[in-house]
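Here the structure is laid out as structure tokens; the discussion comes afterwards.
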Amino acid sequence: MISVHHGPQRYLQFPHLAQFPELVHGLFTRHGGHSQSPYQSLNTSTSLKAEQHDDADNVVRNRALTLQALNLQERPCVSLWQIHSANVIAYNSRDEWRTDWAYPSAYERSWTPASIHKADALITQQPGITIALSFADCAPILLYDPVERVISIAHGGWRGTARGMSIAVVEAMHDQFGCQPANIRAGIGPAIGVCCYEVSEDVRDLFLGRSIFDDMPTLPRYRDMVSASATFITLEAHSRSSLHLDLWETNRRQLSLAGLLPDHITLSDICTRCHVADFFSYRGENGRTGRFPVVMALKESA
Ligand SMILES: [Zn+2]
């Protein structure tokens with residue numbers, strides 16, 4: 001990964017995405033923001049439990065710092081209400097979207113549920129619009145098709161991945177923008193690693209189709225691929241065995257099953273829980289933590 005410092009902010013880039021001059025992207029560390037513990041410091045999410053949430057003004061200032069670091073501060077920026085689904089939504093200027101992620105209008109500082117779309121992957125072909133999602137252990141999956149010039153960020157926690165998130169986003173890029181999977185480049189960013197991601201047998205059952213989600217069940221056409229992608233290991237320690245999910249490899253396999261070429265998929269190999277000094281980790285901080293931003297945009301002329 002390429003590490004870039006912008007004053008006190010630090011973000012990472014995938015080398016195979018950074019080679020495209022028309023593409024801007026950054027996966028931010030938690031450094032260089034305004035928020036206080038336990039959100040210190042570059043937290044860009046307010047969608048946390050009501051009884052414990054970060055100061056909304058700090059969140060907005062952090063979002064602005066994020067866009068400034070990438071020189072995107074003059075542009076509209078859209079985001080999603082992330083719900084651990086495999087739902088994909090394409091930004092277009094026809095539907096109603098709030099584009100003031102970092103600079104909300106004074107009379108409506110906080111985004112309300114009504115003004116933000118519920119989904120877990122955001123796609124656009126439109127230069128000049130910035131897309132941003134926020135993470136803490138779930139896998140950020142960045143996709144770019146340099147032929148059709150389509151960008152996407154997907155949010156792959158265990159629930160979204162069990163619902164086929166990586167398959168769904170490639171399918172949507174193909175169906176909505178004509179992207180050929182063999183052209184798509186993907187990067188799987190910092191997320192909780194197999195080293196730290198102990199899960200219950202119920203989780204494996206959902207991946208393998210032995211049980212189904214009560215809500216938003218995995219689509220039938222994804223089930224075989226989700227099952228084939230599922231990567232679990234059993235670790236033995238202190239005379240106890242525990243089941244661990246490999247979120248990186250499971251998403252890599254889903255992208256591969258969706259038609260991406262092996263050489264076009266890059267893993268960051270950074271475990272958020274092992275690197276909690278640099279990244280927010282939901283598991284590592286017992287749920288009391290922030291979310292770090294991942295941002296992509298296409299330049300208007302390149
Ligand atoms: Zn780890």
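By convention in this document, the chains of the structure tokens carry letters A, B, ... by their order, each chain's residues are numbered from 1, and ligands are numbered from 1 in the order they are shown.
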Please write out the residues within 6 Å of ligand 1 as a VMD selection string, counting only C-alpha atoms and all ligand atoms.
chain A and resid 193 195 to 196 271 273 to 274
Which residues come within 7 Å of segment 283-298 of chain A, counting only C-alpha atoms, excluding same-chain residues fewer than 4 positions away, as a PyMOL selection string?
chain A and resi 22-30+38-39+42-45+127-136+273+276+279
With C-alpha atoms retained, could you export that selection as a short mmCIF file (atom, residue, chain, number, x, y, z; two decimals), in the first residue's frame?
data_model
loop_
_atom_site.label_atom_id
_atom_site.label_comp_id
_atom_site.auth_asym_id
_atom_site.auth_seq_id
_atom_site.Cartn_x
_atom_site.Cartn_y
_atom_site.Cartn_z
CA GLU A 22 -8.26 10.02 -13.63
CA LEU A 23 -9.00 8.24 -10.34
CA VAL A 24 -8.73 9.71 -6.83
CA HIS A 25 -8.93 7.41 -3.83
CA GLY A 26 -7.92 7.24 -0.19
CA LEU A 27 -8.41 4.86 2.74
CA PHE A 28 -7.89 7.00 5.80
CA THR A 29 -6.33 6.09 9.10
CA ARG A 30 -7.85 7.43 12.30
CA PRO A 38 -13.23 6.89 22.08
CA TYR A 39 -13.62 8.40 18.61
CA LEU A 42 -10.78 11.11 12.31
CA ASN A 43 -14.27 9.69 12.87
CA THR A 44 -16.62 10.38 9.97
CA SER A 45 -19.76 8.60 11.13
CA PRO A 127 -16.98 12.61 -12.84
CA GLY A 128 -17.04 15.38 -10.28
CA ILE A 129 -19.04 13.51 -7.65
CA THR A 130 -17.22 12.08 -4.65
CA ILE A 131 -18.37 8.87 -2.93
CA ALA A 132 -17.52 8.06 0.69
CA LEU A 133 -18.31 5.24 3.13
CA SER A 134 -17.07 4.69 6.70
CA PHE A 135 -15.60 1.57 8.31
CA ALA A 136 -14.41 -0.10 11.51
CA ARG A 273 -7.84 -4.97 15.29
CA VAL A 276 -6.04 -0.31 16.37
CA PHE A 279 -7.61 2.25 12.42
#
Taking the DSSP secondary structure from the backbone, can you list the residues of segment 4-243 of chain A that are strand (DSSP E), as a count of residues only?
57
Spatial neighbours of segment 235-245 of chain A, max dist 7 Å, only C-alpha atoms, sep filter under 6 positions, as a list in words
Val194, Tyr197, Glu198, Val199 and Ser200 of chain A
Selection: 12 Å around Pro21 of chain A, only C-alpha atoms, excl. self and same-chain fewer than 5 positions, as an NGL selection string
:A and (15-16 or 146 or 149 or 297-302)
Save out the residues we just selected, N, CA and C atoms, as a tab-separated table (two decimals), in the first residue's frame.
chain	number	residue	atom	x	y	z
A	15	PRO	N	-1.67	0.56	-4.99
A	15	PRO	CA	-0.83	0.90	-6.14
A	15	PRO	C	-1.51	0.64	-7.49
A	16	HIS	N	-2.29	-0.44	-7.57
A	16	HIS	CA	-2.90	-0.75	-8.88
A	16	HIS	C	-4.07	0.16	-9.20
A	146	PRO	N	-11.60	0.87	-15.58
A	146	PRO	CA	-10.97	1.96	-16.34
A	146	PRO	C	-11.50	2.05	-17.79
A	149	ARG	N	-15.05	3.57	-17.01
A	149	ARG	CA	-14.83	4.62	-16.02
A	149	ARG	C	-15.97	4.69	-14.99
A	297	ALA	N	-13.25	9.16	-6.19
A	297	ALA	CA	-13.84	10.13	-7.13
A	297	ALA	C	-13.14	10.00	-8.47
A	298	LEU	N	-13.86	10.38	-9.50
A	298	LEU	CA	-13.26	10.50	-10.83
A	298	LEU	C	-13.05	11.97	-11.13
A	299	LYS	N	-11.88	12.30	-11.62
A	299	LYS	CA	-11.62	13.70	-11.98
A	299	LYS	C	-12.48	14.08	-13.18
A	300	GLU	N	-12.81	15.35	-13.24
A	300	GLU	CA	-13.69	15.80	-14.33
A	300	GLU	C	-12.99	15.81	-15.67
A	301	SER	N	-11.69	16.08	-15.66
A	301	SER	CA	-10.96	15.99	-16.93
A	301	SER	C	-9.60	15.38	-16.65
A	302	ALA	N	-9.33	14.29	-17.34
A	302	ALA	CA	-8.03	13.60	-17.17
A	302	ALA	C	-7.74	12.85	-18.46
Select from segment 81-183 of chain A everything DSSP, run on the backbone, classes as helix (DSSP H, G or I), then give the selection as a list in words.
Pro113, Ala114, Ser115, Trp158, Arg159, Gly160, Thr161, Ala162, Met165, Ser166, Ile167, Ala168, Val169, Val170, Glu171, Ala172, Met173, His174, Asp175, Gln176, Phe177, Pro181, Ala182 and Asn183 of chain A
Which residues of segment 73-142 of chain A sit at most 9 Å from segment 173-187 of chain A, using only C-alpha atoms? Give each one's shortest atom pair and distance in Å (one decimal place), in chain and ascending residue order, as JSON lines.
{"residue": "A:Ala90", "atom": "CA", "partner": "A:Gln176", "partner_atom": "CA", "distance": 8.2}
{"residue": "A:Ile123", "atom": "CA", "partner": "A:Met173", "partner_atom": "CA", "distance": 7.4}
{"residue": "A:Thr124", "atom": "CA", "partner": "A:Phe177", "partner_atom": "CA", "distance": 8.9}
{"residue": "A:Gln125", "atom": "CA", "partner": "A:Phe177", "partner_atom": "CA", "distance": 7.8}
{"residue": "A:Pro140", "atom": "CA", "partner": "A:Gly187", "partner_atom": "CA", "distance": 8.1}
{"residue": "A:Ile141", "atom": "CA", "partner": "A:Gly187", "partner_atom": "CA", "distance": 5.7}
{"residue": "A:Leu142", "atom": "CA", "partner": "A:Gly187", "partner_atom": "CA", "distance": 5.1}
Would you mind telling me which residue in A:Thr250, A:Thr231, A:His84, A:Ala162 lies nearest to Ser211 of chain A when using only C-alpha atoms?
A:Ala162
note - atom CA of Leu122 of chain A and atom CA of Met216 of chain A are separated by 18.0 Å
Distance query segment 92-105 of chain A at most 7 Å, only C-alpha atoms, self and fewer than 5 positions along chain excluded, as a PyMOL selection string
chain A and resi 60+63-64+76-79+115-116
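If only C-alpha atoms are the atoms counted, then among A:Arg204, A:His155, A:Arg210, A:Lys118 the closest residue to Thr234 of chain A is A:Arg204.
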Using only C-alpha atoms, which of A:Leu257, A:Leu70, A:Ile233, A:Ala191 sits nearest Thr272 of chain A?
A:Ala191
Atom CA of Leu206 of chain A to atom CA of Gly160 of chain A measures 11.2 Å
Return the single residue from A:Phe280, A:Pro262, A:Trp158, A:Val4 that is closest to Phe232 of chain A, with distances computed using only C-alpha atoms.
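Of all the options, A:Trp158 lies closest to Phe232 of chain A.
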Might you pull out every residue within 8 Å of Arg61 of chain A, with only C-alpha atoms counted and same-chain residues fewer than 4 positions away left off, and present them as a ChimeraX atom specification?
/A:33-34,57,65,102
From the set A:Ala69, A:Cys138, A:Ile153, A:Ala277, which residue has the shortest atom-to-atom contact distance to Ala121 of chain A, counting only C-alpha atoms?
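Of the candidates, the smallest distance to Ala121 of chain A is held by A:Ile153.
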